[in-house]
>>> print(open('target05.txt').read())   # compact mmCIF, C-alpha atoms
# COMPACT_ATOMS: atom_id res chain seq x y z
CA MET W 1 -41.67 -66.63 -53.37
CA SER W 2 -42.30 -69.99 -51.72
CA CYS W 3 -43.16 -68.16 -48.49
CA ALA W 4 -46.07 -66.57 -50.41
CA GLY W 5 -47.40 -69.98 -51.40
CA ASN W 6 -45.81 -70.52 -54.81
CA PRO W 7 -45.19 -74.28 -55.15
CA ASP W 8 -43.18 -73.98 -58.38
CA LEU W 9 -39.98 -72.63 -56.83
CA HIS W 10 -38.02 -72.67 -53.60
CA THR W 11 -36.69 -69.45 -52.05
CA PRO W 12 -35.30 -70.48 -48.65
CA ASN W 13 -33.35 -67.28 -48.05
CA ILE W 14 -36.12 -64.85 -48.90
CA ASP W 15 -38.32 -67.11 -46.78
CA ARG W 16 -35.86 -66.60 -43.89
CA LEU W 17 -36.42 -62.85 -44.16
CA ALA W 18 -40.19 -63.35 -44.17
CA ALA W 19 -40.03 -65.70 -41.17
CA ALA W 20 -38.01 -63.08 -39.28
CA GLY W 21 -40.10 -60.12 -40.40
CA ILE W 22 -43.36 -58.84 -41.82
CA ARG W 23 -44.58 -59.66 -45.32
CA PHE W 24 -46.91 -57.09 -46.89
CA GLU W 25 -49.26 -58.76 -49.39
CA ASN W 26 -50.53 -55.55 -50.99
CA ALA W 27 -47.35 -53.73 -51.97
CA TYR W 28 -47.24 -52.06 -55.38
CA CYS W 29 -44.40 -50.55 -57.36
CA THR W 30 -44.83 -46.86 -58.11
CA SER W 31 -44.02 -47.55 -61.77
CA PRO W 32 -43.45 -50.91 -63.54
CA LEU W 33 -40.27 -49.87 -65.34
CA SER W 34 -36.79 -50.02 -63.84
CA GLY W 35 -35.63 -46.40 -64.07
CA PRO W 36 -38.91 -44.74 -63.08
CA SER W 37 -39.48 -47.19 -60.22
CA ARG W 38 -36.00 -46.61 -58.84
CA GLY W 39 -36.44 -42.88 -59.35
CA ALA W 40 -39.46 -42.96 -57.04
CA MET W 41 -37.54 -44.99 -54.44
CA PHE W 42 -34.58 -42.61 -54.34
CA THR W 43 -36.24 -39.23 -54.92
CA GLY W 44 -39.60 -39.73 -53.19
CA HIS W 45 -41.50 -38.28 -56.16
CA TYR W 46 -43.93 -39.82 -58.61
CA PRO W 47 -41.97 -40.30 -61.86
CA ASP W 48 -44.22 -38.38 -64.22
CA ALA W 49 -44.32 -35.40 -61.86
CA VAL W 50 -40.54 -34.84 -62.15
CA GLY W 51 -39.68 -36.07 -65.65
CA LEU W 52 -38.53 -39.59 -64.68
CA SER W 53 -41.23 -41.62 -66.45
CA VAL W 54 -38.93 -43.39 -68.97
CA ASN W 55 -35.71 -45.38 -68.75
CA GLY W 56 -32.69 -43.19 -69.37
CA SER W 57 -34.09 -40.08 -67.72
CA PRO W 58 -31.57 -38.36 -65.42
CA ILE W 59 -32.51 -37.19 -61.93
CA PRO W 60 -33.43 -33.49 -62.21
CA ASP W 61 -30.81 -31.06 -60.91
CA SER W 62 -33.33 -29.74 -58.39
CA LEU W 63 -33.49 -33.17 -56.72
CA LYS W 64 -29.82 -34.22 -56.82
CA THR W 65 -29.16 -32.84 -53.33
CA GLN W 66 -32.39 -34.33 -51.97
CA THR W 67 -31.95 -37.97 -52.95
CA LEU W 68 -32.45 -40.65 -50.34
CA GLY W 69 -28.70 -41.30 -50.06
CA THR W 70 -27.96 -37.61 -49.56
CA LEU W 71 -30.62 -37.21 -46.87
CA ILE W 72 -29.53 -40.32 -44.97
CA LYS W 73 -25.86 -39.33 -45.21
CA ASN W 74 -26.70 -35.89 -43.82
CA ALA W 75 -28.52 -37.63 -40.97
CA GLY W 76 -25.20 -39.18 -39.89
CA TYR W 77 -25.08 -42.45 -41.83
CA ASP W 78 -22.48 -44.03 -44.05
CA CYS W 79 -24.24 -44.92 -47.32
CA ALA W 80 -23.11 -47.61 -49.74
CA TYR W 81 -24.73 -48.86 -52.94
CA GLY W 82 -23.91 -52.01 -54.88
CA GLY W 83 -25.41 -53.34 -58.11
CA LYS W 84 -27.90 -51.89 -60.56
CA TRP W 85 -28.58 -48.14 -60.24
CA HIS W 86 -30.15 -47.21 -63.64
CA LEU W 87 -30.72 -43.48 -62.95
CA PRO W 88 -29.74 -43.26 -65.76
CA LEU W 89 -26.31 -44.97 -65.58
CA LEU W 90 -26.31 -48.65 -64.68
CA ASP W 91 -23.48 -48.07 -62.15
CA ILE W 92 -24.02 -45.41 -59.51
CA PRO W 93 -21.35 -42.69 -59.75
CA ASP W 94 -19.06 -42.92 -56.73
CA LYS W 95 -19.65 -40.30 -54.03
CA GLU W 96 -22.71 -38.96 -55.85
CA PHE W 97 -26.31 -39.01 -54.59
CA GLY W 98 -24.90 -39.62 -51.11
CA PHE W 99 -23.56 -43.12 -51.80
CA GLU W 100 -20.19 -44.82 -51.98
CA ASN W 101 -20.13 -47.08 -55.05
CA LEU W 102 -19.61 -50.42 -53.33
CA TYR W 103 -19.86 -52.62 -56.43
CA LYS W 104 -20.64 -52.38 -60.15
CA HIS W 105 -23.86 -53.40 -61.89
CA SER W 106 -23.41 -57.16 -61.76
CA ASP W 107 -24.98 -60.02 -59.82
CA ASP W 108 -21.62 -61.83 -59.85
CA GLY W 109 -19.64 -60.72 -56.80
CA LEU W 110 -22.23 -58.32 -55.40
CA ALA W 111 -23.04 -60.50 -52.42
CA GLU W 112 -19.37 -60.91 -51.55
CA ALA W 113 -18.88 -57.11 -51.64
CA CYS W 114 -21.87 -56.67 -49.33
CA VAL W 115 -20.63 -59.38 -46.95
CA ASP W 116 -17.29 -57.60 -46.74
CA TYR W 117 -19.05 -54.32 -45.99
CA LEU W 118 -21.23 -55.87 -43.30
CA SER W 119 -18.18 -57.46 -41.68
CA ARG W 120 -16.30 -54.17 -41.30
CA GLU W 121 -16.12 -52.21 -38.07
CA HIS W 122 -18.48 -49.26 -38.51
CA LYS W 123 -18.08 -46.06 -36.52
CA LYS W 124 -21.37 -44.71 -37.87
CA PRO W 125 -24.72 -46.34 -38.56
CA PHE W 126 -24.97 -47.42 -42.18
CA PHE W 127 -27.47 -47.61 -45.03
CA LEU W 128 -26.53 -50.36 -47.49
CA VAL W 129 -28.35 -51.08 -50.76
CA ALA W 130 -27.78 -54.41 -52.55
CA SER W 131 -29.48 -54.07 -55.94
CA TYR W 132 -29.71 -57.30 -57.91
CA ASP W 133 -30.51 -57.55 -61.62
CA ASN W 134 -32.09 -61.00 -61.69
CA PRO W 135 -34.65 -62.33 -62.43
CA HIS W 136 -34.49 -59.61 -65.09
CA ASN W 137 -32.51 -61.96 -67.36
CA ILE W 138 -35.88 -63.40 -68.41
CA CYS W 139 -35.86 -60.57 -70.98
CA GLU W 140 -32.87 -62.11 -72.74
CA TYR W 141 -34.43 -65.56 -72.49
CA ALA W 142 -37.59 -64.37 -74.25
CA ARG W 143 -35.41 -63.04 -77.09
CA HIS W 144 -33.47 -66.34 -77.29
CA GLN W 145 -30.27 -64.56 -76.25
CA ASN W 146 -27.56 -65.65 -73.83
CA LEU W 147 -28.26 -64.70 -70.22
CA PRO W 148 -25.72 -62.24 -68.71
CA TYR W 149 -25.05 -64.30 -65.57
CA GLY W 150 -25.26 -67.77 -67.07
CA ASN W 151 -27.89 -69.71 -68.97
CA ILE W 152 -30.51 -71.99 -67.43
CA ASP W 153 -30.52 -75.65 -68.51
CA THR W 154 -33.39 -76.68 -70.79
CA PRO W 155 -35.75 -78.90 -68.79
CA ASP W 156 -38.10 -81.72 -69.70
CA LEU W 157 -41.42 -80.01 -70.47
CA ARG W 158 -43.11 -82.20 -67.86
CA ASP W 159 -40.93 -80.58 -65.19
CA CYS W 160 -42.19 -77.11 -66.14
CA PRO W 161 -44.96 -75.30 -64.22
CA GLY W 162 -48.43 -75.38 -65.69
CA LEU W 163 -50.12 -72.35 -67.16
CA PRO W 164 -51.56 -69.79 -64.73
CA ALA W 165 -55.28 -69.78 -64.03
CA ASN W 166 -55.51 -66.37 -65.72
CA PHE W 167 -53.54 -67.38 -68.80
CA ALA W 168 -56.40 -66.15 -70.99
CA LYS W 169 -57.13 -62.46 -71.44
CA ASN W 170 -60.35 -61.20 -69.94
CA PRO W 171 -62.87 -60.37 -72.70
CA TYR W 172 -62.76 -56.65 -71.90
CA ASP W 173 -59.00 -56.26 -71.55
CA ALA W 174 -57.54 -52.97 -72.76
CA ASP W 175 -56.69 -53.36 -76.45
CA VAL W 176 -53.74 -50.98 -76.16
CA ILE W 177 -51.77 -53.73 -74.40
CA GLU W 178 -51.86 -56.01 -77.42
CA ASN W 179 -51.03 -53.06 -79.66
CA GLU W 180 -47.93 -52.40 -77.57
CA ARG W 181 -46.81 -56.00 -77.99
CA THR W 182 -47.22 -55.76 -81.75
CA ALA W 183 -45.32 -52.47 -81.93
CA ASN W 184 -42.31 -53.50 -79.82
CA TYR W 185 -41.08 -56.97 -80.73
CA ASN W 186 -37.74 -56.41 -78.98
CA VAL W 187 -39.48 -56.07 -75.61
CA TYR W 188 -42.44 -58.41 -76.15
CA PRO W 189 -41.37 -61.18 -78.56
CA THR W 190 -44.13 -63.49 -77.35
CA ALA W 191 -47.09 -63.06 -79.72
CA ASP W 192 -46.45 -66.49 -81.25
CA PHE W 193 -45.60 -68.29 -78.00
CA THR W 194 -47.28 -71.66 -77.65
CA PRO W 195 -48.50 -72.96 -74.27
CA GLU W 196 -45.31 -75.02 -74.17
CA ASP W 197 -43.21 -71.88 -74.74
CA TRP W 198 -44.96 -70.17 -71.86
CA ARG W 199 -44.35 -73.14 -69.54
CA MET W 200 -40.64 -73.05 -70.40
CA TYR W 201 -40.64 -69.30 -69.82
CA ARG W 202 -42.19 -69.74 -66.36
CA TYR W 203 -39.70 -72.48 -65.50
CA THR W 204 -36.77 -70.24 -66.46
CA TYR W 205 -38.15 -67.25 -64.57
CA TYR W 206 -38.45 -69.27 -61.38
CA ARG W 207 -34.92 -70.62 -61.75
CA LEU W 208 -33.67 -67.03 -62.06
CA VAL W 209 -35.53 -66.13 -58.87
CA GLU W 210 -33.85 -69.07 -57.14
CA LYS W 211 -30.48 -67.92 -58.46
CA VAL W 212 -30.83 -64.50 -56.83
CA ASP W 213 -32.26 -66.08 -53.68
CA LYS W 214 -28.97 -67.95 -53.28
CA GLU W 215 -27.05 -64.66 -53.50
CA ILE W 216 -29.37 -63.03 -50.97
CA GLY W 217 -28.63 -65.94 -48.64
CA LYS W 218 -24.98 -64.89 -48.47
CA ILE W 219 -26.01 -61.47 -47.19
CA VAL W 220 -28.48 -62.91 -44.67
CA ASP W 221 -25.70 -65.21 -43.41
CA ALA W 222 -23.47 -62.15 -42.90
CA ILE W 223 -26.20 -60.40 -40.90
CA ASP W 224 -26.38 -63.52 -38.72
CA LYS W 225 -22.61 -63.83 -38.34
CA ASN W 226 -22.12 -60.17 -37.40
CA ASN W 227 -25.07 -60.05 -34.95
CA LEU W 228 -26.71 -57.20 -36.83
CA TRP W 229 -30.35 -58.17 -36.31
CA LYS W 230 -30.59 -56.40 -32.96
CA ASN W 231 -30.44 -52.88 -34.42
CA THR W 232 -31.00 -53.25 -38.16
CA VAL W 233 -34.03 -52.80 -40.41
CA VAL W 234 -33.90 -55.02 -43.51
CA ILE W 235 -36.24 -54.26 -46.43
CA PHE W 236 -36.61 -56.65 -49.36
CA SER W 237 -38.51 -55.68 -52.49
CA SER W 238 -38.34 -55.31 -56.28
CA ASP W 239 -38.61 -52.45 -58.74
CA HIS W 240 -41.32 -54.28 -60.72
CA GLY W 241 -42.54 -57.73 -61.65
CA ASP W 242 -43.01 -59.73 -64.86
CA GLY W 243 -46.15 -60.98 -66.57
CA ILE W 244 -44.91 -64.63 -66.37
CA GLY W 245 -47.62 -65.67 -68.83
CA ALA W 246 -50.66 -64.25 -67.05
CA HIS W 247 -52.94 -62.87 -69.78
CA ARG W 248 -50.23 -64.14 -72.15
CA TRP W 249 -47.99 -61.24 -71.11
CA ASN W 250 -44.23 -61.08 -70.60
CA GLN W 251 -42.07 -58.31 -69.18
CA LYS W 252 -43.36 -55.14 -67.51
CA SER W 253 -45.22 -51.86 -68.27
CA ALA W 254 -48.74 -53.36 -68.38
CA LEU W 255 -50.68 -52.82 -65.17
CA TYR W 256 -51.48 -56.46 -64.41
CA GLU W 257 -51.12 -57.69 -60.83
CA GLU W 258 -48.19 -59.94 -61.77
CA VAL W 259 -46.31 -56.85 -62.96
CA ILE W 260 -47.09 -54.27 -60.27
CA ASN W 261 -47.94 -56.25 -57.09
CA ILE W 262 -44.39 -56.85 -55.89
CA PRO W 263 -42.80 -58.69 -52.94
CA PHE W 264 -42.27 -56.62 -49.83
CA ILE W 265 -40.71 -57.85 -46.58
CA VAL W 266 -39.65 -55.69 -43.64
CA THR W 267 -37.51 -57.27 -40.91
CA LEU W 268 -37.34 -55.12 -37.78
CA PRO W 269 -34.62 -54.84 -35.13
CA GLY W 270 -34.74 -57.84 -32.85
CA LYS W 271 -37.00 -59.56 -35.42
CA LYS W 272 -40.03 -57.92 -33.85
CA ASN W 273 -43.38 -59.15 -35.22
CA ALA W 274 -41.60 -62.05 -36.93
CA GLY W 275 -43.74 -64.04 -39.33
CA LYS W 276 -46.58 -61.54 -39.60
CA VAL W 277 -48.44 -61.11 -42.90
CA LEU W 278 -50.21 -57.75 -43.23
CA PRO W 279 -52.76 -56.39 -45.76
CA GLN W 280 -51.99 -52.65 -45.65
CA LEU W 281 -51.43 -50.92 -48.98
CA ILE W 282 -47.77 -50.04 -49.58
CA GLY W 283 -46.32 -48.01 -52.45
CA ASN W 284 -42.83 -49.41 -52.57
CA GLY W 285 -41.37 -46.35 -54.31
CA VAL W 286 -42.50 -43.20 -52.56
CA ASP W 287 -43.41 -45.03 -49.31
CA PHE W 288 -40.00 -46.70 -49.20
CA PHE W 289 -38.40 -43.25 -49.44
CA ALA W 290 -40.57 -41.87 -46.62
CA SER W 291 -40.01 -44.89 -44.38
CA VAL W 292 -36.21 -44.96 -44.67
CA CYS W 293 -36.19 -41.24 -43.85
CA ASP W 294 -38.40 -42.00 -40.83
CA TRP W 295 -36.13 -44.73 -39.46
CA ALA W 296 -32.95 -42.72 -40.05
CA GLY W 297 -34.32 -39.50 -38.58
CA ALA W 298 -34.02 -37.60 -41.86
CA LYS W 299 -36.50 -34.84 -42.66
CA MET W 300 -38.70 -35.43 -45.70
CA PRO W 301 -37.96 -32.78 -48.35
CA LYS W 302 -40.69 -30.41 -49.45
CA GLY W 303 -42.87 -31.82 -52.21
CA ALA W 304 -41.89 -35.46 -51.68
CA ALA W 305 -44.78 -37.92 -51.69
CA GLY W 306 -45.14 -41.12 -49.72
CA VAL W 307 -46.35 -42.28 -46.34
CA SER W 308 -44.03 -44.04 -43.89
CA PHE W 309 -45.01 -47.61 -43.03
CA ARG W 310 -42.80 -47.66 -39.93
CA LYS W 311 -45.73 -47.46 -37.50
CA VAL W 312 -47.61 -50.22 -39.34
CA ALA W 313 -44.57 -52.52 -39.23
CA GLU W 314 -43.74 -51.81 -35.60
CA GLN W 315 -47.30 -52.32 -34.39
CA GLY W 316 -47.59 -55.45 -36.52
CA THR W 317 -51.38 -55.63 -36.71
CA SER W 318 -53.83 -55.47 -39.59
CA GLN W 319 -55.88 -52.97 -37.55
CA THR W 320 -53.28 -50.20 -37.76
CA PRO W 321 -54.59 -47.65 -40.29
CA HIS W 322 -52.19 -46.65 -43.05
CA GLN W 323 -53.54 -45.20 -46.30
CA LYS W 324 -56.75 -45.71 -48.22
CA TYR W 325 -55.16 -46.18 -51.62
CA VAL W 326 -51.87 -46.30 -53.53
CA ILE W 327 -51.14 -45.10 -57.06
CA THR W 328 -49.09 -46.78 -59.78
CA GLU W 329 -48.34 -45.03 -63.05
CA THR W 330 -46.87 -46.44 -66.23
CA ARG W 331 -45.44 -45.41 -69.55
CA PHE W 332 -44.81 -48.39 -71.78
CA ASP W 333 -41.17 -49.11 -72.54
CA GLY W 334 -40.22 -47.39 -75.78
CA SER W 335 -43.67 -45.87 -76.22
CA ARG W 336 -45.81 -42.85 -75.38
CA THR W 337 -48.69 -44.96 -74.02
CA ARG W 338 -49.48 -44.13 -70.41
CA GLY W 339 -51.65 -45.64 -67.71
CA TRP W 340 -52.54 -45.41 -64.02
CA VAL W 341 -53.79 -47.61 -61.20
CA VAL W 342 -55.74 -46.69 -58.10
CA ARG W 343 -55.52 -49.64 -55.70
CA SER W 344 -57.95 -49.29 -52.82
CA GLU W 345 -58.70 -51.78 -50.08
CA HIS W 346 -61.35 -53.59 -52.13
CA TYR W 347 -60.85 -52.58 -55.75
CA LYS W 348 -58.25 -51.94 -58.40
CA TYR W 349 -59.05 -49.25 -60.94
CA VAL W 350 -56.97 -49.22 -64.14
CA LEU W 351 -56.97 -46.48 -66.75
CA TYR W 352 -54.93 -46.27 -69.96
CA ASP W 353 -54.69 -43.06 -71.95
CA LYS W 354 -56.18 -44.48 -75.15
CA GLY W 355 -57.91 -47.40 -76.78
CA ARG W 356 -60.93 -49.64 -76.40
CA TYR W 357 -61.72 -50.82 -72.86
CA ARG W 358 -59.07 -48.48 -71.54
CA GLU W 359 -60.96 -48.27 -68.25
CA GLN W 360 -61.06 -51.30 -65.94
CA LEU W 361 -62.25 -52.12 -62.43
CA PHE W 362 -61.48 -55.36 -60.58
CA ASP W 363 -62.65 -56.82 -57.27
CA MET W 364 -59.40 -57.63 -55.47
CA HIS W 365 -61.15 -59.79 -52.86
CA ASN W 366 -62.77 -62.13 -55.37
CA ASP W 367 -60.89 -61.66 -58.65
CA ARG W 368 -57.17 -61.19 -58.04
CA GLY W 369 -56.55 -62.73 -61.45
CA GLU W 370 -58.37 -59.80 -63.12
CA MET W 371 -60.73 -61.79 -65.31
CA ARG W 372 -63.94 -59.74 -64.86
CA ASN W 373 -63.85 -56.07 -65.80
CA LEU W 374 -66.50 -54.48 -63.60
CA ALA W 375 -66.20 -51.18 -65.46
CA MET W 376 -68.42 -52.85 -68.06
CA GLU W 377 -71.23 -53.42 -65.53
CA ASN W 378 -73.63 -50.76 -64.26
CA ALA W 379 -73.85 -52.49 -60.88
CA CYS W 380 -70.44 -51.03 -60.00
CA SER W 381 -70.93 -47.53 -61.41
CA GLU W 382 -70.71 -45.91 -57.97
CA GLU W 383 -67.40 -47.63 -57.15
CA LEU W 384 -66.11 -46.77 -60.63
CA GLN W 385 -66.86 -43.08 -60.17
CA GLU W 386 -65.29 -43.07 -56.70
CA HIS W 387 -62.00 -44.35 -58.11
CA ARG W 388 -62.15 -41.91 -61.03
CA ASN W 389 -62.43 -39.11 -58.50
CA ILE W 390 -59.43 -40.39 -56.53
CA LEU W 391 -57.30 -40.47 -59.68
CA GLU W 392 -58.51 -37.00 -60.69
CA GLN W 393 -57.56 -35.60 -57.29
CA TRP W 394 -54.15 -37.29 -57.37
CA MET W 395 -53.38 -35.89 -60.83
CA ASN W 396 -54.28 -32.39 -59.68
CA THR W 397 -52.25 -32.71 -56.46
CA TYR W 398 -49.06 -33.79 -58.23
CA ASN W 399 -49.50 -31.73 -61.43
CA ILE W 400 -49.61 -34.79 -63.67
CA ARG W 401 -49.81 -33.45 -67.20
CA PRO W 402 -52.52 -34.72 -69.57
CA SER W 403 -51.64 -36.87 -72.56
CA ARG W 404 -52.36 -33.90 -74.83
CA PRO W 405 -53.21 -30.25 -74.18
CA LYS W 406 -56.93 -29.60 -73.69
CA LEU W 407 -57.45 -33.30 -73.00
CA HIS W 408 -58.21 -34.81 -69.63
CA ASP W 409 -57.43 -38.51 -69.28
CA VAL W 410 -59.99 -39.42 -66.60
CA PRO W 411 -63.33 -40.28 -68.26
CA GLY W 412 -66.07 -37.73 -67.68
CA LYS W 413 -63.61 -35.00 -66.69
CA ARG W 414 -62.37 -31.95 -68.57
CA LEU W 415 -59.89 -29.14 -68.05
CA GLU W 416 -61.91 -26.38 -66.50
CA SER W 417 -59.82 -23.23 -66.68
CA LYS W 418 -57.57 -21.29 -69.01
CA ALA W 419 -54.75 -21.71 -66.48
CA GLN W 420 -55.09 -25.50 -66.69
CA TYR W 421 -54.85 -25.29 -70.49
CA GLN W 422 -51.73 -23.14 -70.25
CA ASN W 423 -50.10 -25.38 -67.64
CA ALA W 424 -50.95 -28.64 -69.40
CA TYR W 425 -47.41 -29.16 -70.68
CA LYS W 426 -45.35 -27.33 -68.08
>>> encode(input="target05.txt", output="structure tokens")
Amino acid sequence: MSCAGNPDLHTPNIDRLAAAGIRFENAYCTSPLSGPSRGAMFTGHYPDAVGLSVNGSPIPDSLKTQTLGTLIKNAGYDCAYGGKWHLPLLDIPDKEFGFENLYKHSDDGLAEACVDYLSREHKKPFFLVASYDNPHNICEYARHQNLPYGNIDTPDLRDCPGLPANFAKNPYDADVIENERTANYNVYPTADFTPEDWRMYRYTYYRLVEKVDKEIGKIVDAIDKNNLWKNTVVIFSSDHGDGIGAHRWNQKSALYEEVINIPFIVTLPGKKNAGKVLPQLIGNGVDFFASVCDWAGAKMPKGAAGVSFRKVAEQGTSQTPHQKYVITETRFDGSRTRGWVVRSEHYKYVLYDKGRYREQLFDMHNDRGEMRNLAMENACSEELQEHRNILEQWMNTYNIRPSRPKLHDVPGKRLESKAQYQNAYK
């Protein structure tokens, strides 16, 4: 986003939301894959805890009456959903999960459907979701395919952005990432990309962001026209990011900052705290679920995770305490490889379930580009162990199964009891 300091694109409409609201710099997706990330947003559960860790997984029957749409509808709201659903169908079934199907999975015409909805006379408060696909079309671009909503003109190379400062891999990067690229050419067809290819890729990605920004502008205009700012909360975010060439990575799944640190803007009624930028840690899946329930007066269902950020947004100060860490989990697209992140105020701990250098620790104050793996240095052994313990506790709390029975994924830990062995794959 240009409002976040990116000089290589222009997002005037997203910038309008940021100028009217609060931008959270440290927001992380709960999972960097479309279906699992959306599953967390609309069920309030970590994906691996409820069998939603891969694309194509259906919402469990036990949660179908406790989805976000159902809870908000039961709290007295009209609920409408337009665009990409992906749980597992691309179009949300009409009148299921609490939502009216406002529009199909398509960026073409979605804004107009939302504008029409916003312009209606509403007898009840409403919860509207506008779910855009782009800039996801970068996947087709990487495969040299036609883009679903129109191709991007080929530019002069000199008009393309330069390479990112962290274009190189750090010397102790997890080797499983490169193995995933080799094993899944359809998802990661970039092993032979030249620097020029990556610059073209970055140019195209930013044009796709600008394309969706234009569509978002139509919705923001409708909020203006219908005087809805006075009693409306607007939340802008994404289900995951893209590597955009950092560490020579494209697409999702890997736990790099470019993939999991996602945009997050909250515009409050009356544009309270307009223009604030806050550092609190936000999990945009489970915390989004908890926060929408909070604003709508819906009771959080038993077992749902997440912490509401409503108080943080409404107080609008960096001094408001929120949570000490957030968790991101991944399972690589089309693979069994898993990984986890513990993002604390100062550090980011990364763990993959296999491979060399599978354990990583980065200083987020001084190394946001993730070029120095502190897990390889004894000077940070205390901080490393602290983050291991956090991940261990989180796995136990949410019954996250190990990669294999009798195996514990956190280094230095082991399954202690017969009951843990027996429950490993429940």
>>> residues_around(input="target05.txt", residues="Ser237 of chain W", least_positions_apart="5", cutoff="7 Å", atoms="all atoms listed in the file", output="ChimeraX atom specification")
/W:262-265
>>> residues_around(input="target05.txt", residues="Val350 of chain W", least_positions_apart="3", cutoff="6 Å", atoms="all atoms listed in the file", output="list of chain:residue names")
W:Trp340, W:Val341, W:Glu359, W:Gln360
>>> write_last_selection(input="target05.txt", atoms="C-alpha atoms", output="short mmCIF file (atom, residue, chain, number, x, y, z; two decimals), in the frame of the given file")
data_model
loop_
_atom_site.label_atom_id
_atom_site.label_comp_id
_atom_site.auth_asym_id
_atom_site.auth_seq_id
_atom_site.Cartn_x
_atom_site.Cartn_y
_atom_site.Cartn_z
CA TRP W 340 -52.54 -45.41 -64.02
CA VAL W 341 -53.79 -47.61 -61.20
CA GLU W 359 -60.96 -48.27 -68.25
CA GLN W 360 -61.06 -51.30 -65.94
#
>>> residues_around(input="target05.txt", residues="Cys160 of chain W", least_positions_apart="3", cutoff="10 Å", atoms="all atoms listed in the file", output="PyMOL selection string")
chain W and resi 8+154-157+163+196+198-204+206
>>> closest_residue(input="target05.txt", among="W:Val176, W:Ala305, W:Val129, W:Leu351", to="Ala49 of chain W", atoms="only C-alpha atoms")
W:Ala305
>>> residues_around(input="target05.txt", residues="Leu268 of chain W", least_positions_apart="6", cutoff="9 Å", atoms="all atoms listed in the file", output="PyMOL selection string")
chain W and resi 20-22+229-235+274+313-314
>>> residues_around(input="target05.txt", residues="Phe42 of chain W", least_positions_apart="6", cutoff="9 Å", atoms="all atoms listed in the file", output="list of chain:residue names")
W:Gln66, W:Thr67, W:Leu68, W:Gly69, W:Gly285, W:Val286, W:Phe288, W:Phe289
>>> write_last_selection(input="target05.txt", atoms="C-alpha atoms", output="PDB file, in the coordinates of the input")
ATOM      1  CA  GLN W  66     -32.390 -34.330 -51.970  1.00  0.00           C
ATOM      2  CA  THR W  67     -31.950 -37.970 -52.950  1.00  0.00           C
ATOM      3  CA  LEU W  68     -32.450 -40.650 -50.340  1.00  0.00           C
ATOM      4  CA  GLY W  69     -28.700 -41.300 -50.060  1.00  0.00           C
ATOM      5  CA  GLY W 285     -41.370 -46.350 -54.310  1.00  0.00           C
ATOM      6  CA  VAL W 286     -42.500 -43.200 -52.560  1.00  0.00           C
ATOM      7  CA  PHE W 288     -40.000 -46.700 -49.200  1.00  0.00           C
ATOM      8  CA  PHE W 289     -38.400 -43.250 -49.440  1.00  0.00           C
TER       9      PHE W 289
END
